[in-house]
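Asks: I am sharing start_19.txt, which consists of compact mmCIF, C-alpha atoms:
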# COMPACT_ATOMS: atom_id res chain seq x y z
CA MET L 1 -15.13 19.63 -30.41
CA LEU L 2 -14.48 16.01 -31.39
CA LYS L 3 -11.35 15.99 -29.25
CA ALA L 4 -13.29 17.36 -26.30
CA LEU L 5 -16.00 14.74 -26.84
CA ARG L 6 -13.44 11.93 -26.78
CA THR L 7 -11.86 13.36 -23.65
CA GLU L 8 -15.22 13.65 -21.89
CA MET L 9 -16.63 10.30 -23.05
CA GLN L 10 -17.22 9.40 -19.39
CA LEU L 11 -19.94 12.04 -19.20
CA VAL L 12 -21.82 10.29 -21.99
CA ALA L 13 -21.32 6.87 -20.39
CA GLY L 14 -22.30 8.13 -16.94
CA TRP L 15 -25.53 9.80 -18.00
CA ALA L 16 -26.42 6.87 -20.27
CA THR L 17 -26.02 4.53 -17.30
CA VAL L 18 -28.25 6.79 -15.22
CA GLY L 19 -30.93 6.64 -17.92
CA LEU L 20 -30.77 2.86 -18.27
CA PHE L 21 -30.95 2.25 -14.52
CA THR L 22 -33.76 4.75 -14.14
CA VAL L 23 -35.83 2.76 -16.63
CA PHE L 24 -34.68 -0.84 -15.99
CA GLY L 25 -32.81 -0.73 -12.68
CA GLU L 26 -35.64 -1.93 -10.45
CA SER L 27 -36.42 -4.93 -12.64
CA TRP L 28 -32.72 -5.80 -13.06
CA GLN L 29 -32.09 -5.79 -9.32
CA ALA L 30 -35.13 -8.01 -8.72
CA ILE L 31 -33.57 -10.83 -10.77
CA PRO L 32 -31.95 -13.33 -8.35
CA SER L 33 -29.25 -14.43 -10.81
CA VAL L 34 -25.84 -14.11 -9.10
CA PRO L 35 -23.86 -13.60 -12.35
CA LEU L 36 -26.25 -10.82 -13.41
CA ARG L 37 -26.01 -9.05 -10.07
CA PHE L 38 -22.24 -9.33 -10.15
CA ALA L 39 -22.23 -7.88 -13.68
CA LEU L 40 -24.43 -5.00 -12.47
CA PHE L 41 -22.01 -4.41 -9.60
CA LEU L 42 -19.01 -4.27 -11.95
CA TRP L 43 -20.88 -1.96 -14.32
CA LEU L 44 -21.93 0.46 -11.59
CA PHE L 45 -18.64 0.34 -9.69
CA GLY L 46 -16.65 0.93 -12.88
CA THR L 47 -18.90 3.78 -14.02
CA ILE L 48 -18.81 5.49 -10.62
CA MET L 49 -15.04 5.03 -10.36
CA TRP L 50 -14.59 6.45 -13.87
CA GLY L 51 -16.83 9.34 -12.89
CA ALA L 52 -14.81 9.96 -9.73
CA PHE L 53 -11.60 10.13 -11.75
CA THR L 54 -13.27 12.58 -14.14
CA VAL L 55 -14.40 14.74 -11.22
CA VAL L 56 -10.86 14.72 -9.82
CA ARG L 57 -9.38 15.56 -13.23
CA HIS L 58 -11.50 18.69 -13.53
CA ALA L 59 -10.94 19.53 -9.87
CA GLU L 60 -7.18 19.37 -10.45
CA GLU L 61 -7.49 21.69 -13.44
CA ILE L 62 -9.35 24.12 -11.20
CA ALA L 63 -6.68 23.56 -8.55
CA HIS L 64 -3.99 24.54 -11.04
CA ARG L 65 -5.70 27.88 -11.56
CA LEU L 66 -6.61 28.61 -7.94
CA GLY L 67 -3.39 27.44 -6.30
CA GLU L 68 -3.03 26.00 -2.82
CA PRO L 69 -4.85 25.61 -0.52
CA TYR L 70 -7.96 26.37 -2.59
CA GLY L 71 -7.22 23.73 -5.21
CA THR L 72 -6.92 20.86 -2.77
CA LEU L 73 -10.04 22.11 -0.97
CA VAL L 74 -12.06 21.86 -4.20
CA LEU L 75 -10.66 18.36 -4.71
CA THR L 76 -11.46 17.05 -1.23
CA MET L 77 -14.91 18.65 -1.19
CA SER L 78 -15.81 17.03 -4.51
CA VAL L 79 -15.02 13.48 -3.44
CA THR L 80 -16.51 13.98 0.04
CA ILE L 81 -19.84 14.93 -1.57
CA ILE L 82 -19.78 11.59 -3.40
CA GLU L 83 -19.05 9.78 -0.14
CA VAL L 84 -21.80 11.54 1.81
CA SER L 85 -24.35 10.86 -0.94
CA PHE L 86 -23.54 7.12 -0.93
CA ILE L 87 -23.92 6.90 2.85
CA PHE L 88 -27.09 9.01 2.78
CA VAL L 89 -28.83 6.82 0.18
CA ALA L 90 -27.70 3.57 1.80
CA MET L 91 -28.80 4.60 5.29
CA LEU L 92 -32.24 5.72 4.19
CA GLY L 93 -32.91 2.21 2.89
CA SER L 94 -31.21 0.30 5.69
CA ASP L 95 -32.35 -0.90 9.09
CA THR L 96 -31.71 0.88 12.38
CA ASP L 97 -28.60 -1.20 13.13
CA SER L 98 -26.66 -0.06 10.06
CA THR L 99 -23.00 0.67 10.78
CA LEU L 100 -22.18 1.88 7.26
CA ALA L 101 -21.48 5.47 8.33
CA ARG L 102 -19.18 4.43 11.17
CA ASP L 103 -17.36 1.86 9.07
CA THR L 104 -16.90 4.29 6.17
CA ILE L 105 -15.56 7.09 8.37
CA PHE L 106 -13.16 4.69 10.11
CA ALA L 107 -12.06 3.22 6.76
CA VAL L 108 -11.39 6.70 5.36
CA LEU L 109 -9.27 7.57 8.39
CA MET L 110 -7.27 4.35 8.12
CA ILE L 111 -6.79 4.66 4.36
CA THR L 112 -5.84 8.34 4.37
CA LEU L 113 -3.78 8.55 7.58
CA ASN L 114 -2.07 5.18 7.22
CA GLY L 115 -2.44 3.94 3.64
CA VAL L 116 -2.16 7.11 1.54
CA ALA L 117 0.15 9.00 3.89
CA GLY L 118 2.30 5.91 4.39
CA ILE L 119 2.81 5.09 0.71
CA CYS L 120 3.45 8.75 -0.15
CA ILE L 121 6.06 9.18 2.58
CA LEU L 122 7.69 5.83 1.82
CA MET L 123 7.88 6.24 -1.98
CA GLY L 124 8.84 9.90 -1.70
CA GLY L 125 11.57 8.98 0.77
CA LEU L 126 12.90 6.23 -1.47
CA ARG L 127 13.25 8.69 -4.35
CA HIS L 128 14.27 11.86 -2.48
CA GLN L 129 15.78 10.61 0.83
CA GLU L 130 13.96 13.21 2.96
CA GLN L 131 11.07 15.51 2.08
CA SER L 132 9.90 18.76 3.61
CA TYR L 133 6.39 20.11 4.09
CA ASN L 134 4.74 22.92 6.02
CA LEU L 135 4.68 21.81 9.64
CA GLN L 136 2.12 24.43 10.69
CA GLY L 137 -0.39 23.19 8.14
CA ALA L 138 -0.06 19.53 9.19
CA ARG L 139 -0.47 20.51 12.84
CA ALA L 140 -3.60 22.49 11.98
CA PHE L 141 -5.11 19.45 10.26
CA LEU L 142 -4.31 17.12 13.16
CA ALA L 143 -5.47 19.63 15.77
CA VAL L 144 -8.99 19.28 14.32
CA ILE L 145 -8.89 15.62 13.20
CA MET L 146 -7.87 14.28 16.61
CA PRO L 147 -10.71 15.65 18.78
CA LEU L 148 -13.44 15.29 16.16
CA SER L 149 -12.58 11.66 15.38
CA VAL L 150 -12.52 10.72 19.07
CA ILE L 151 -15.79 12.54 19.77
CA ALA L 152 -17.51 10.82 16.83
CA LEU L 153 -16.06 7.30 17.01
CA VAL L 154 -14.96 6.70 20.61
CA LEU L 155 -17.08 8.85 22.93
CA PRO L 156 -20.43 7.18 22.01
CA ASN L 157 -19.16 3.96 23.61
CA PHE L 158 -19.05 5.69 26.99
CA THR L 159 -22.18 7.86 26.99
CA THR L 160 -25.12 6.66 29.10
CA SER L 161 -28.08 8.63 27.72
CA THR L 162 -28.79 5.94 25.13
CA PRO L 163 -28.09 2.21 25.03
CA GLY L 164 -25.23 1.01 22.88
CA PRO L 165 -22.59 3.02 21.01
CA THR L 166 -24.98 5.78 20.00
CA MET L 167 -25.66 9.45 20.71
CA SER L 168 -28.88 10.90 22.06
CA HIS L 169 -30.63 13.44 19.88
CA VAL L 170 -29.44 16.26 22.17
CA GLN L 171 -25.86 15.03 21.90
CA ALA L 172 -26.25 14.61 18.14
CA ILE L 173 -27.49 18.19 17.70
CA VAL L 174 -24.77 19.70 19.89
CA PHE L 175 -21.90 17.55 18.60
CA GLY L 176 -23.01 17.99 14.99
CA ALA L 177 -23.17 21.78 15.38
CA LEU L 178 -19.79 21.87 17.11
CA THR L 179 -18.27 19.75 14.35
CA ILE L 180 -19.54 22.09 11.65
CA LEU L 181 -18.40 25.11 13.67
CA LEU L 182 -14.88 23.77 14.19
CA TYR L 183 -14.60 22.71 10.55
CA GLY L 184 -15.76 26.18 9.53
CA VAL L 185 -13.06 27.77 11.71
CA PHE L 186 -10.49 25.49 10.07
CA LEU L 187 -11.67 26.49 6.59
CA ALA L 188 -11.31 30.15 7.57
CA ILE L 189 -7.76 29.45 8.67
CA GLN L 190 -7.02 27.49 5.52
CA THR L 191 -8.49 29.90 2.98
CA ILE L 192 -8.39 33.36 4.57
CA ARG L 193 -6.18 33.99 7.59
CA HIS L 194 -3.27 31.54 7.27
CA THR L 195 -3.23 30.20 3.73
CA GLY L 196 0.56 30.06 3.86
CA PHE L 197 0.35 27.18 6.35
CA PHE L 198 -0.88 24.93 3.54
CA ARG L 199 1.64 25.84 0.85
CA ASP L 200 5.00 24.25 0.16
CA PRO L 201 7.53 25.99 2.44
CA ASP L 202 10.05 26.11 -0.43
CA THR L 203 7.84 28.21 -2.73
CA GLU L 204 7.38 31.93 -2.89
CA PRO L 205 4.08 33.53 -1.80
CA VAL L 206 1.28 33.11 -4.31
CA GLN L 207 0.63 36.11 -6.55
CA GLU L 208 -2.54 38.11 -6.16
CA ASN L 209 -3.91 36.73 -9.42
CA PRO L 210 -3.88 32.89 -9.22
CA GLU L 211 -4.07 32.68 -13.01
CA GLU L 212 -0.59 34.24 -13.19
CA ALA L 213 1.00 32.03 -10.56
CA ASN L 214 3.93 29.80 -11.45
CA VAL L 215 3.25 26.09 -11.99
CA ASP L 216 5.57 25.25 -9.08
CA GLU L 217 3.34 27.16 -6.72
CA HIS L 218 0.56 24.67 -7.34
CA ASP L 219 2.38 21.73 -5.83
CA GLY L 220 3.37 19.95 -8.97
CA HIS L 221 0.14 19.77 -10.91
CA GLU L 222 0.57 21.04 -14.44
CA SER L 223 -2.40 22.08 -16.50
CA THR L 224 -3.19 19.86 -19.45
CA SER L 225 -5.99 22.05 -20.77
CA GLY L 226 -6.24 25.56 -22.13
CA ALA L 227 -9.92 25.76 -21.22
CA SER L 228 -11.27 28.27 -18.72
CA THR L 229 -12.00 27.72 -15.05
CA LEU L 230 -15.72 28.08 -15.81
CA TYR L 231 -15.47 25.25 -18.37
CA HIS L 232 -13.88 22.85 -15.87
CA THR L 233 -16.27 23.90 -13.09
CA THR L 234 -19.27 23.21 -15.32
CA LEU L 235 -17.97 19.80 -16.40
CA LEU L 236 -17.10 18.93 -12.81
CA LEU L 237 -20.74 19.47 -11.86
CA VAL L 238 -21.96 17.56 -14.92
CA ALA L 239 -19.68 14.65 -13.98
CA ILE L 240 -20.49 14.53 -10.28
CA PHE L 241 -24.28 14.33 -10.61
CA PRO L 242 -24.45 10.92 -12.36
CA VAL L 243 -22.01 9.58 -9.77
CA ILE L 244 -24.32 10.73 -6.99
CA LEU L 245 -27.43 9.38 -8.74
CA LEU L 246 -25.86 5.94 -9.27
CA THR L 247 -24.70 5.52 -5.66
CA GLY L 248 -28.15 4.41 -4.56
CA GLN L 249 -28.22 1.56 -7.07
CA LEU L 250 -24.71 0.48 -6.04
CA ALA L 251 -25.51 0.66 -2.33
CA HIS L 252 -28.32 -1.88 -2.64
CA ILE L 253 -26.19 -4.29 -4.68
CA VAL L 254 -23.28 -4.02 -2.23
CA GLU L 255 -25.47 -4.76 0.78
CA ASP L 256 -27.10 -7.75 -0.91
CA GLY L 257 -23.72 -9.06 -2.04
CA ILE L 258 -22.21 -8.85 1.44
CA ASP L 259 -25.17 -10.75 2.88
CA ALA L 260 -24.92 -13.38 0.15
CA VAL L 261 -21.21 -14.17 0.60
CA GLY L 262 -21.14 -13.68 4.37
CA ALA L 263 -18.42 -11.01 4.25
CA PRO L 264 -17.90 -8.68 7.24
CA VAL L 265 -20.37 -5.80 7.26
CA ALA L 266 -17.48 -3.32 7.49
CA VAL L 267 -16.42 -4.31 3.95
CA ALA L 268 -19.17 -2.02 2.62
CA GLY L 269 -17.56 0.96 4.31
CA VAL L 270 -14.16 0.01 2.91
CA MET L 271 -15.59 -0.22 -0.61
CA VAL L 272 -17.12 3.24 -0.28
CA ALA L 273 -13.80 4.62 0.96
CA ILE L 274 -11.85 2.99 -1.88
CA LEU L 275 -14.36 4.27 -4.42
CA VAL L 276 -14.02 7.90 -3.40
CA LEU L 277 -10.36 7.95 -2.36
CA SER L 278 -8.70 6.13 -5.26
CA PRO L 279 -8.48 9.19 -7.56
CA GLU L 280 -7.17 11.38 -4.73
CA ALA L 281 -4.65 8.76 -3.63
CA GLY L 282 -3.19 8.65 -7.14
CA GLY L 283 -2.77 12.42 -7.16
CA ALA L 284 -1.16 12.40 -3.73
CA LEU L 285 1.35 9.72 -4.75
CA ARG L 286 2.28 11.59 -7.93
CA SER L 287 2.90 14.72 -5.89
CA ALA L 288 5.10 12.86 -3.40
CA LEU L 289 7.15 11.31 -6.21
CA ASP L 290 7.59 14.81 -7.70
CA ASN L 291 8.99 15.95 -4.32
CA LYS L 292 5.85 17.98 -3.61
CA LEU L 293 4.96 16.38 -0.30
CA GLN L 294 2.91 19.37 0.81
CA ARG L 295 0.19 18.62 -1.72
CA ALA L 296 0.18 14.95 -0.66
CA VAL L 297 -0.21 16.06 2.97
CA ASN L 298 -3.02 18.44 2.03
CA ILE L 299 -4.83 15.65 0.16
CA SER L 300 -4.44 12.87 2.74
CA LEU L 301 -5.10 14.92 5.88
CA GLY L 302 -7.65 17.08 4.08
CA SER L 303 -9.67 14.05 2.99
CA ALA L 304 -9.70 12.70 6.55
CA LEU L 305 -10.84 16.03 7.95
CA ALA L 306 -13.46 16.65 5.27
CA THR L 307 -14.94 13.20 5.94
CA ILE L 308 -15.34 13.95 9.63
CA GLY L 309 -16.37 17.57 9.18
CA LEU L 310 -19.06 16.85 6.58
CA THR L 311 -20.06 13.19 6.93
CA VAL L 312 -20.56 13.11 10.70
CA PRO L 313 -22.99 16.08 10.84
CA SER L 314 -24.84 14.74 7.78
CA VAL L 315 -25.31 11.30 9.33
CA LEU L 316 -26.34 12.79 12.67
CA ALA L 317 -28.92 14.90 10.85
CA ILE L 318 -30.29 11.76 9.16
CA GLY L 319 -30.64 10.13 12.57
CA ILE L 320 -32.45 13.12 14.05
CA PHE L 321 -34.93 13.57 11.19
CA SER L 322 -35.61 9.84 10.91
CA ASP L 323 -35.79 9.44 14.71
CA ARG L 324 -32.99 6.86 14.72
CA TYR L 325 -29.96 6.36 16.90
CA ILE L 326 -27.00 5.85 14.58
CA LEU L 327 -24.32 3.38 15.68
CA PHE L 328 -21.10 5.36 15.88
CA GLY L 329 -18.88 3.84 18.55
CA LEU L 330 -16.03 1.64 17.33
CA ASN L 331 -15.23 -1.84 18.58
CA PRO L 332 -12.46 -2.08 21.23
CA GLU L 333 -9.74 -3.19 18.80
CA GLU L 334 -10.71 -0.41 16.40
CA MET L 335 -10.52 2.18 19.17
CA VAL L 336 -7.00 1.02 19.99
CA LEU L 337 -5.98 1.24 16.33
CA LEU L 338 -7.55 4.69 15.91
CA THR L 339 -5.77 5.99 19.01
CA LEU L 340 -2.46 4.54 17.85
CA THR L 341 -2.93 6.07 14.39
CA LEU L 342 -3.59 9.53 15.82
CA VAL L 343 -0.56 9.31 18.12
CA VAL L 344 1.77 8.09 15.35
CA SER L 345 0.41 10.75 12.97
CA ALA L 346 1.22 13.43 15.55
CA VAL L 347 4.77 12.04 15.79
CA THR L 348 5.19 11.75 12.00
CA PHE L 349 4.03 15.30 11.38
CA GLY L 350 5.80 16.67 14.46
CA GLY L 351 8.97 17.50 12.55
CA PRO L 352 9.73 19.46 9.37
CA ARG L 353 10.95 16.48 7.30
CA THR L 354 9.89 12.88 6.64
CA ASN L 355 11.75 9.72 5.64
CA ILE L 356 11.02 6.11 4.70
CA LEU L 357 10.83 4.89 8.32
CA GLN L 358 7.75 6.97 9.04
CA GLY L 359 6.10 5.76 5.85
CA ALA L 360 6.85 2.14 6.75
CA VAL L 361 5.30 2.57 10.21
CA HIS L 362 2.05 3.91 8.75
CA LEU L 363 1.87 1.11 6.20
CA VAL L 364 2.34 -1.50 8.95
CA MET L 365 -0.63 -0.04 10.81
CA PHE L 366 -2.66 -0.10 7.60
CA CYS L 367 -1.86 -3.80 7.19
CA VAL L 368 -2.99 -4.38 10.79
CA TYR L 369 -6.27 -2.67 9.93
CA LEU L 370 -6.80 -4.99 6.96
CA VAL L 371 -6.10 -8.08 9.10
CA LEU L 372 -8.56 -6.96 11.79
CA LEU L 373 -11.16 -6.22 9.13
CA PHE L 374 -11.44 -9.91 8.19
CA ASN L 375 -10.15 -11.49 11.39
CA PRO L 376 -11.14 -9.23 14.33
Please render this file's structure as structure tokens.
Replies:
Amino acid sequence: MLKALRTEMQLVAGWATVGLFTVFGESWQAIPSVPLRFALFLWLFGTIMWGAFTVVRHAEEIAHRLGEPYGTLVLTMSVTIIEVSFIFVAMLGSDTDSTLARDTIFAVLMITLNGVAGICILMGGLRHQEQSYNLQGARAFLAVIMPLSVIALVLPNFTTSTPGPTMSHVQAIVFGALTILLYGVFLAIQTIRHTGFFRDPDTEPVQENPEEANVDEHDGHESTSGASTLYHTTLLLVAIFPVILLTGQLAHIVEDGIDAVGAPVAVAGVMVAILVLSPEAGGALRSALDNKLQRAVNISLGSALATIGLTVPSVLAIGIFSDRYILFGLNPEEMVLLTLTLVVSAVTFGGPRTNILQGAVHLVMFCVYLVLLFNP
């Protein structure tokens, strides 16, 4: 029990932070002292990041038992819930011109499709020359990512029912429903009809009982715990709730900090993306270095798709119920970069093997994104 307590110390720290901010948070945030607010930011950001890593650790233990693609699905769903909760809380307290949702979705796409995928392909190629993955699975991901991202982030710039890069409520209802429907069809393909598309092509079919499956069939993640699936599921839920509860406090501090230093508004979206994607990115890179590129592909493309499939309908619902028109359309230079990213991703995942050149191309585009973020 003492060993388990030391391992799960984050749960104690997370819930203690929730209690302290519930009691003193409002008075702390009212103090204008810059050093204090910066200290609060570091405290909250560190606690939430620690909590996200704990969530991912338990999700990976569950993934080891369930196998692919169910394991990666649990992982991506867990971190996407954190992302949606942050956006939800921040938008409820923001003005009508908030671009946090758009900036976060775009940042997630750039980080996952260019940053995470690029570093995984590059480092995996440096160690293993070429790496294989399941082409059908990657194509399935991109077949859904490409239309949904364009509909959400590009199309609003060209609609005429509402002024600006927004959607009318009719468009929001229809597009949100279609997004959920298409994502649901994808999940049916991923978990029921064609699960083999999302497994390493070099492994044998998964056994009927996932508990008896070989470690290699789980894309390189080895269990570090003898505890049951129910144990890890329970602790995952216990770990994710304080993360969600603390996002509101962090959202207010981030917005105030950006206004104070005059940083680009889009930085808030990047911070949210980094917060929720860092644990997943580490797991994807480890898998690529272990020559298990399929898991890295499932994580990077799965995170991008989950963000669009869950975040976009959630934000559209917020707009409808609060009678607001959410700014979704990207700026011209961002539309060009998004289009280029989707085209290059289709080329990269258009063949059965990857090498360092493809990774380098994606990382170059990620660097371009960072430059445009601060110097558009």
Asks: For segment 34-87 of chain L against segment 232-242 of chain L, with a cut-off of 7 Å and counting only C-alpha atoms, what is the closest atom pair and its distance in Å to one decimal for every residue that makes the cut, ordered by chain and number, as JSON lines?
Replies:
{"residue": "L:Gly51", "atom": "CA", "partner": "L:Ala239", "partner_atom": "CA", "distance": 6.1}
{"residue": "L:Thr54", "atom": "CA", "partner": "L:Ala239", "partner_atom": "CA", "distance": 6.7}
{"residue": "L:Val55", "atom": "CA", "partner": "L:Leu236", "partner_atom": "CA", "distance": 5.2}
{"residue": "L:His58", "atom": "CA", "partner": "L:His232", "partner_atom": "CA", "distance": 5.3}
{"residue": "L:Ala59", "atom": "CA", "partner": "L:Leu236", "partner_atom": "CA", "distance": 6.9}
{"residue": "L:Glu61", "atom": "CA", "partner": "L:His232", "partner_atom": "CA", "distance": 6.9}
{"residue": "L:Ile62", "atom": "CA", "partner": "L:His232", "partner_atom": "CA", "distance": 6.6}
Asks: Nearest to Ala266 of chain L: which of L:Ser149, L:Thr307, L:Ser278, L:Thr99 is it, counting all atoms listed in the file?
Replies: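 Looking only at the distances to Ala266 of chain L, the closest residue turns out to be L:Thr99.
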Asks: Please compute the atom CA of Leu230 of chain L-atom CA of Ile81 of chain L distance, one decimal, in Å.
Replies: 19.8 Å
Asks: Would you mind reading off the distance between atom CA of Thr112 of chain L and atom CA of Ala304 of chain L, one decimal, in Å?
Replies: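 Straight-line distance from atom CA of Thr112 of chain L to atom CA of Ala304 of chain L works out to 6.2 Å.
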Asks: Neighbouring residues of Val270 of chain L were defined as those with any atom within 10 Å, considering only C-alpha atoms; residues of the same chain fewer than 6 positions away were excluded. Please report them as a list in words.
Replies: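 My list of contacting residues is Leu100, Asp103, Thr104, Ile105, Phe106, Ala107, Val108, Met110, Ile111, Leu370 and Leu373 of chain L.
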